[in-house]
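S.K.: Have a look at the structure that comes next, please.
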Amino acid sequence: MTDHVDRVLEQWGRQRPDLDVSPMAVLGRLTRLSRLVTAAQRRTFAAHGLDAASFDVLATLRRSEPPHRLTPAELMRSSMVTSGAVTQRLDRLEGRGLVRRLPSEADGRSVLVALTDEGRAVIDAALPDHLATEEQLLAALDGPERDALAGTLRRVLESLGDDLGA
């Protein structure tokens, strides 16, 4: 079975036989996979009135310990949302009544972001659909294959400095 990346590798092999294009076999497929995953997730999130960043903020709050409150800095560190996007996402989610900002009891100058009951209902409805989408995306792999791939990807990410301490 040949895929698009195999054809690209073959073409480069003919045009530039002096170069080792083997990294493209992995990274080209990761790039193509990323596009497919993003499109599938986008459809799932949209069915719940969310986008990827909003889902991530709500999911980060939901998986935190009750009462599901984090500072904006904790939210940024625990989610996959960049610092520049946090305020914008929070404004949007607060406007929809999915989160609210509360003054911190520990420090009156800071705020806590809290998941509202409506926000919890939205994320609780979206999460099973999100997991079903991910299950579909990985349907070609059995449990041990998924574990092996997850371990390999973790090792690559850690080698690039993407770890819990980063």
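How things are named: the first chain in the structure tokens is A, the next is B, and so on; residues count from 1 in each chain; ligands count from 1 in the order shown.
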Please give the complete set of residues from chain A that DSSP, run on the backbone, assigns to alpha helix (DSSP H), formatted as number ranges by chain.
M.R.: A: 4-15, 22-46, 52-63, 72-78, 83-95, 117-137, 143-159
S.K.: Got a sec to tell me which of chain A DSSP assigns to strand (DSSP E or B), as number ranges by chain?
M.R.: A: 69-70, 99-103, 111-115
S.K.: Which residues come within 9 Å of stretch 27-38 of chain A, counting only C-alpha atoms, excluding same-chain residues fewer than 2 positions away, as an NGL selection string?
M.R.: :A and (4-5 or 23-25 or 40-43 or 52 or 133-134 or 137)
S.K.: Could those selected residues go to a file with all heavy atoms, as a compact mmCIF listing (two decimals), in the first residue's frame?
M.R.:
# COMPACT_ATOMS: atom_id res chain seq x y z
N HIS A 4 0.47 9.10 0.00
CA HIS A 4 1.01 10.34 -0.58
C HIS A 4 2.47 10.54 -0.19
O HIS A 4 3.30 10.94 -1.03
CB HIS A 4 0.16 11.53 -0.11
CG HIS A 4 0.70 12.86 -0.54
ND1 HIS A 4 0.51 13.36 -1.81
CD2 HIS A 4 1.45 13.77 0.12
CE1 HIS A 4 1.12 14.53 -1.90
NE2 HIS A 4 1.68 14.81 -0.75
N VAL A 5 2.79 10.29 1.06
CA VAL A 5 4.16 10.50 1.53
C VAL A 5 5.13 9.56 0.81
O VAL A 5 6.24 9.97 0.45
CB VAL A 5 4.25 10.35 3.06
CG1 VAL A 5 5.69 10.46 3.55
CG2 VAL A 5 3.38 11.42 3.74
N PRO A 23 13.44 11.44 7.23
CA PRO A 23 12.63 12.15 8.23
C PRO A 23 11.25 12.55 7.69
O PRO A 23 10.28 12.61 8.44
CB PRO A 23 13.46 13.39 8.57
CG PRO A 23 14.87 12.97 8.29
CD PRO A 23 14.77 12.07 7.08
N MET A 24 11.17 12.78 6.38
CA MET A 24 9.88 13.14 5.79
C MET A 24 8.87 12.01 5.92
O MET A 24 7.66 12.26 5.93
CB MET A 24 10.05 13.48 4.31
CG MET A 24 10.73 14.77 4.04
SD MET A 24 10.77 15.02 2.24
CE MET A 24 11.72 16.51 2.17
N ALA A 25 9.32 10.77 6.01
CA ALA A 25 8.40 9.64 6.14
C ALA A 25 7.58 9.77 7.42
O ALA A 25 6.38 9.48 7.44
CB ALA A 25 9.16 8.31 6.11
N ALA A 40 -11.42 16.80 12.07
CA ALA A 40 -12.41 15.96 12.75
C ALA A 40 -12.79 16.57 14.11
O ALA A 40 -13.97 16.62 14.47
CB ALA A 40 -11.87 14.55 12.94
N GLN A 41 -11.79 17.04 14.84
CA GLN A 41 -12.08 17.67 16.13
C GLN A 41 -12.88 18.95 15.95
O GLN A 41 -13.81 19.22 16.72
CB GLN A 41 -10.79 17.95 16.88
CG GLN A 41 -10.12 16.71 17.39
CD GLN A 41 -8.79 16.99 18.07
OE1 GLN A 41 -8.13 17.99 17.81
NE2 GLN A 41 -8.39 16.08 18.95
N ARG A 42 -12.55 19.71 14.94
CA ARG A 42 -13.27 20.97 14.69
C ARG A 42 -14.76 20.69 14.48
O ARG A 42 -15.62 21.40 15.02
CB ARG A 42 -12.68 21.67 13.47
CG ARG A 42 -13.25 23.05 13.22
CD ARG A 42 -12.57 23.76 12.06
NE ARG A 42 -11.20 24.07 12.45
CZ ARG A 42 -10.13 23.81 11.69
NH1 ARG A 42 -10.25 23.23 10.52
NH2 ARG A 42 -8.92 24.13 12.11
N ARG A 43 -15.08 19.63 13.72
CA ARG A 43 -16.49 19.28 13.49
C ARG A 43 -17.17 18.88 14.81
O ARG A 43 -18.30 19.28 15.07
CB ARG A 43 -16.59 18.14 12.47
CG ARG A 43 -16.27 18.57 11.05
CD ARG A 43 -16.57 17.47 10.03
NE ARG A 43 -15.77 16.27 10.22
CZ ARG A 43 -14.55 16.06 9.72
NH1 ARG A 43 -13.97 17.01 8.99
NH2 ARG A 43 -13.92 14.93 9.94
N ALA A 52 -11.61 24.59 19.28
CA ALA A 52 -10.61 23.78 19.98
C ALA A 52 -10.11 24.47 21.25
O ALA A 52 -9.98 23.83 22.30
CB ALA A 52 -9.45 23.45 19.05
N THR A 133 -14.77 10.68 18.65
CA THR A 133 -14.02 11.13 17.47
C THR A 133 -12.60 10.60 17.51
O THR A 133 -12.08 10.09 16.51
CB THR A 133 -14.02 12.67 17.39
OG1 THR A 133 -15.37 13.12 17.23
CG2 THR A 133 -13.17 13.18 16.24
N GLU A 134 -11.96 10.71 18.67
CA GLU A 134 -10.59 10.21 18.80
C GLU A 134 -10.54 8.70 18.61
O GLU A 134 -9.60 8.17 17.99
CB GLU A 134 -10.01 10.61 20.16
CG GLU A 134 -9.73 12.10 20.24
CD GLU A 134 -9.01 12.52 21.49
OE1 GLU A 134 -9.03 11.79 22.50
OE2 GLU A 134 -8.39 13.61 21.46
N LEU A 137 -10.61 8.05 14.96
CA LEU A 137 -9.34 8.41 14.33
C LEU A 137 -8.27 7.34 14.54
O LEU A 137 -7.37 7.19 13.72
CB LEU A 137 -8.85 9.76 14.85
CG LEU A 137 -9.67 10.98 14.40
CD1 LEU A 137 -9.31 12.19 15.25
CD2 LEU A 137 -9.44 11.26 12.92
S.K.: Using only C-alpha atoms, which of the listed residues (A:Gly161, A:Pro103, A:Val57, A:Leu98) sits closest to A:Val86?
M.R.: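 Under the stated criterion, the closest residue is A:Val57.
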S.K.: What is the distance, in Å and to one decimal place, between atom CA of A:Pro66 and atom CA of A:Glu135?
M.R.: 27.6 Å
S.K.: So that I can check the surroundings of stretch 74-84 of chain A, please list as JSON, numbers by chain every protein, DNA and RNA residue that reaches within 10 Å of it, counting only C-alpha atoms and ignoring chain neighbours fewer than 5 positions away.
M.R.: {"A": [52, 53, 54, 55, 56, 57, 58, 59, 60, 61, 63, 64, 69, 89, 112, 113, 164, 165, 166]}
S.K.: Dump all heavy atoms for the selected residues as a short mmCIF file (atom, residue, chain, number, x, y, z; two decimals), in the first residue's frame?
M.R.:
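Final output, saved to part02.cif:
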data_model
loop_
_atom_site.label_atom_id
_atom_site.label_comp_id
_atom_site.auth_asym_id
_atom_site.auth_seq_id
_atom_site.Cartn_x
_atom_site.Cartn_y
_atom_site.Cartn_z
N ALA A 52 -11.61 24.59 19.28
CA ALA A 52 -10.61 23.78 19.98
C ALA A 52 -10.11 24.47 21.25
O ALA A 52 -9.98 23.83 22.30
CB ALA A 52 -9.45 23.45 19.05
N ALA A 53 -9.82 25.76 21.16
CA ALA A 53 -9.28 26.46 22.33
C ALA A 53 -10.33 26.58 23.44
O ALA A 53 -10.01 26.41 24.62
CB ALA A 53 -8.76 27.83 21.93
N SER A 54 -11.57 26.83 23.09
CA SER A 54 -12.63 26.91 24.10
C SER A 54 -12.84 25.56 24.75
O SER A 54 -13.01 25.46 25.98
CB SER A 54 -13.93 27.40 23.46
OG SER A 54 -13.77 28.71 22.97
N PHE A 55 -12.85 24.49 23.95
CA PHE A 55 -12.96 23.15 24.50
C PHE A 55 -11.82 22.90 25.48
O PHE A 55 -12.04 22.38 26.58
CB PHE A 55 -12.93 22.09 23.39
CG PHE A 55 -12.93 20.68 23.91
CD1 PHE A 55 -14.10 20.00 24.16
CD2 PHE A 55 -11.73 20.03 24.17
CE1 PHE A 55 -14.10 18.71 24.66
CE2 PHE A 55 -11.71 18.74 24.67
CZ PHE A 55 -12.90 18.07 24.91
N ASP A 56 -10.63 23.28 25.11
CA ASP A 56 -9.47 23.02 25.95
C ASP A 56 -9.56 23.77 27.28
O ASP A 56 -9.25 23.21 28.33
CB ASP A 56 -8.17 23.38 25.21
CG ASP A 56 -6.95 22.86 25.94
OD1 ASP A 56 -6.99 21.70 26.41
OD2 ASP A 56 -5.98 23.61 26.06
N VAL A 57 -10.00 25.02 27.24
CA VAL A 57 -10.16 25.78 28.49
C VAL A 57 -11.20 25.12 29.39
O VAL A 57 -10.96 24.89 30.58
CB VAL A 57 -10.54 27.25 28.20
CG1 VAL A 57 -10.98 27.97 29.46
CG2 VAL A 57 -9.37 27.99 27.55
N LEU A 58 -12.36 24.79 28.82
CA LEU A 58 -13.41 24.15 29.61
C LEU A 58 -12.96 22.79 30.13
O LEU A 58 -13.21 22.45 31.30
CB LEU A 58 -14.69 24.00 28.78
CG LEU A 58 -15.39 25.29 28.37
CD1 LEU A 58 -16.58 24.99 27.47
CD2 LEU A 58 -15.79 26.12 29.57
N ALA A 59 -12.28 22.02 29.31
CA ALA A 59 -11.80 20.70 29.72
C ALA A 59 -10.75 20.81 30.82
O ALA A 59 -10.73 20.01 31.76
CB ALA A 59 -11.25 19.93 28.52
N THR A 60 -9.88 21.80 30.72
CA THR A 60 -8.85 22.01 31.74
C THR A 60 -9.50 22.35 33.08
O THR A 60 -9.11 21.82 34.12
CB THR A 60 -7.86 23.11 31.30
OG1 THR A 60 -7.24 22.69 30.08
CG2 THR A 60 -6.80 23.35 32.35
N LEU A 61 -10.50 23.22 33.06
CA LEU A 61 -11.21 23.54 34.29
C LEU A 61 -11.95 22.32 34.82
O LEU A 61 -11.93 22.04 36.02
CB LEU A 61 -12.19 24.70 34.06
CG LEU A 61 -11.57 26.07 33.89
CD1 LEU A 61 -12.59 27.07 33.37
CD2 LEU A 61 -10.97 26.55 35.21
N ARG A 63 -11.33 19.13 34.48
CA ARG A 63 -10.50 18.05 35.03
C ARG A 63 -9.71 18.50 36.26
O ARG A 63 -9.06 17.68 36.91
CB ARG A 63 -9.59 17.46 33.96
CG ARG A 63 -8.47 18.34 33.49
CD ARG A 63 -7.57 17.59 32.48
NE ARG A 63 -6.42 18.39 32.18
CZ ARG A 63 -6.29 19.14 31.10
NH1 ARG A 63 -7.24 19.17 30.18
NH2 ARG A 63 -5.20 19.85 30.91
N SER A 64 -9.79 19.79 36.59
CA SER A 64 -9.16 20.25 37.83
C SER A 64 -10.06 19.86 39.00
O SER A 64 -11.23 19.55 38.84
CB SER A 64 -8.95 21.77 37.79
OG SER A 64 -10.17 22.45 37.86
N ARG A 69 -11.72 25.60 39.70
CA ARG A 69 -11.27 26.98 39.60
C ARG A 69 -9.75 27.00 39.47
O ARG A 69 -9.05 26.29 40.18
CB ARG A 69 -11.65 27.77 40.84
CG ARG A 69 -13.13 27.92 41.03
CD ARG A 69 -13.45 28.62 42.31
NE ARG A 69 -14.90 28.73 42.45
CZ ARG A 69 -15.50 29.16 43.53
NH1 ARG A 69 -14.80 29.53 44.59
NH2 ARG A 69 -16.81 29.22 43.58
N ARG A 89 -10.04 34.02 25.08
CA ARG A 89 -10.91 32.85 25.28
C ARG A 89 -11.78 33.05 26.52
O ARG A 89 -12.96 32.73 26.51
CB ARG A 89 -10.09 31.58 25.42
CG ARG A 89 -9.32 31.21 24.20
CD ARG A 89 -10.25 30.88 23.05
NE ARG A 89 -9.44 30.60 21.88
CZ ARG A 89 -9.79 30.92 20.65
NH1 ARG A 89 -10.94 31.51 20.42
NH2 ARG A 89 -9.01 30.64 19.64
N LEU A 112 -9.70 34.19 39.94
CA LEU A 112 -9.83 32.76 39.64
C LEU A 112 -10.85 32.62 38.52
O LEU A 112 -11.83 33.36 38.47
CB LEU A 112 -10.31 31.98 40.87
CG LEU A 112 -9.36 31.91 42.04
CD1 LEU A 112 -10.05 31.29 43.25
CD2 LEU A 112 -8.12 31.11 41.66
N VAL A 113 -10.59 31.68 37.65
CA VAL A 113 -11.54 31.37 36.59
C VAL A 113 -12.30 30.14 37.04
O VAL A 113 -11.69 29.11 37.36
CB VAL A 113 -10.83 31.11 35.25
CG1 VAL A 113 -11.85 30.77 34.17
CG2 VAL A 113 -9.99 32.31 34.85
N LEU A 164 6.40 18.06 31.37
CA LEU A 164 5.60 18.67 32.44
C LEU A 164 6.30 19.88 33.07
O LEU A 164 5.65 20.84 33.44
CB LEU A 164 5.28 17.63 33.52
CG LEU A 164 4.20 17.97 34.51
CD1 LEU A 164 2.90 18.35 33.80
CD2 LEU A 164 3.96 16.81 35.44
N GLY A 165 7.61 19.83 33.14
CA GLY A 165 8.34 20.93 33.75
C GLY A 165 8.51 22.12 32.85
O GLY A 165 8.88 23.20 33.29
N ALA A 166 8.23 21.96 31.56
CA ALA A 166 8.47 23.04 30.61
C ALA A 166 7.36 24.08 30.65
O ALA A 166 6.27 23.85 31.01
CB ALA A 166 8.57 22.49 29.19
#
S.K.: Quote the spacing between atom CA of A:Ala132 and atom CA of A:Ala47 in Å to one decimal place.
M.R.: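 Taking atom CA of A:Ala132 as the start and atom CA of A:Ala47 as the end point, the length is 13.2 Å.
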S.K.: What is the atom CA of A:Leu50-atom CA of A:Ala126 distance in Å, reported with one decimal?
M.R.: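 According to the coordinates, atom CA of A:Leu50 and atom CA of A:Ala126 are separated by 8.8 Å.
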S.K.: For each of A:Pro128, A:Gly97, A:Pro72, A:Pro144, take the minimum atom-to-atom distance to A:Val111, counting only C-alpha atoms, then give the residue where this is smallest.
M.R.: A:Pro72
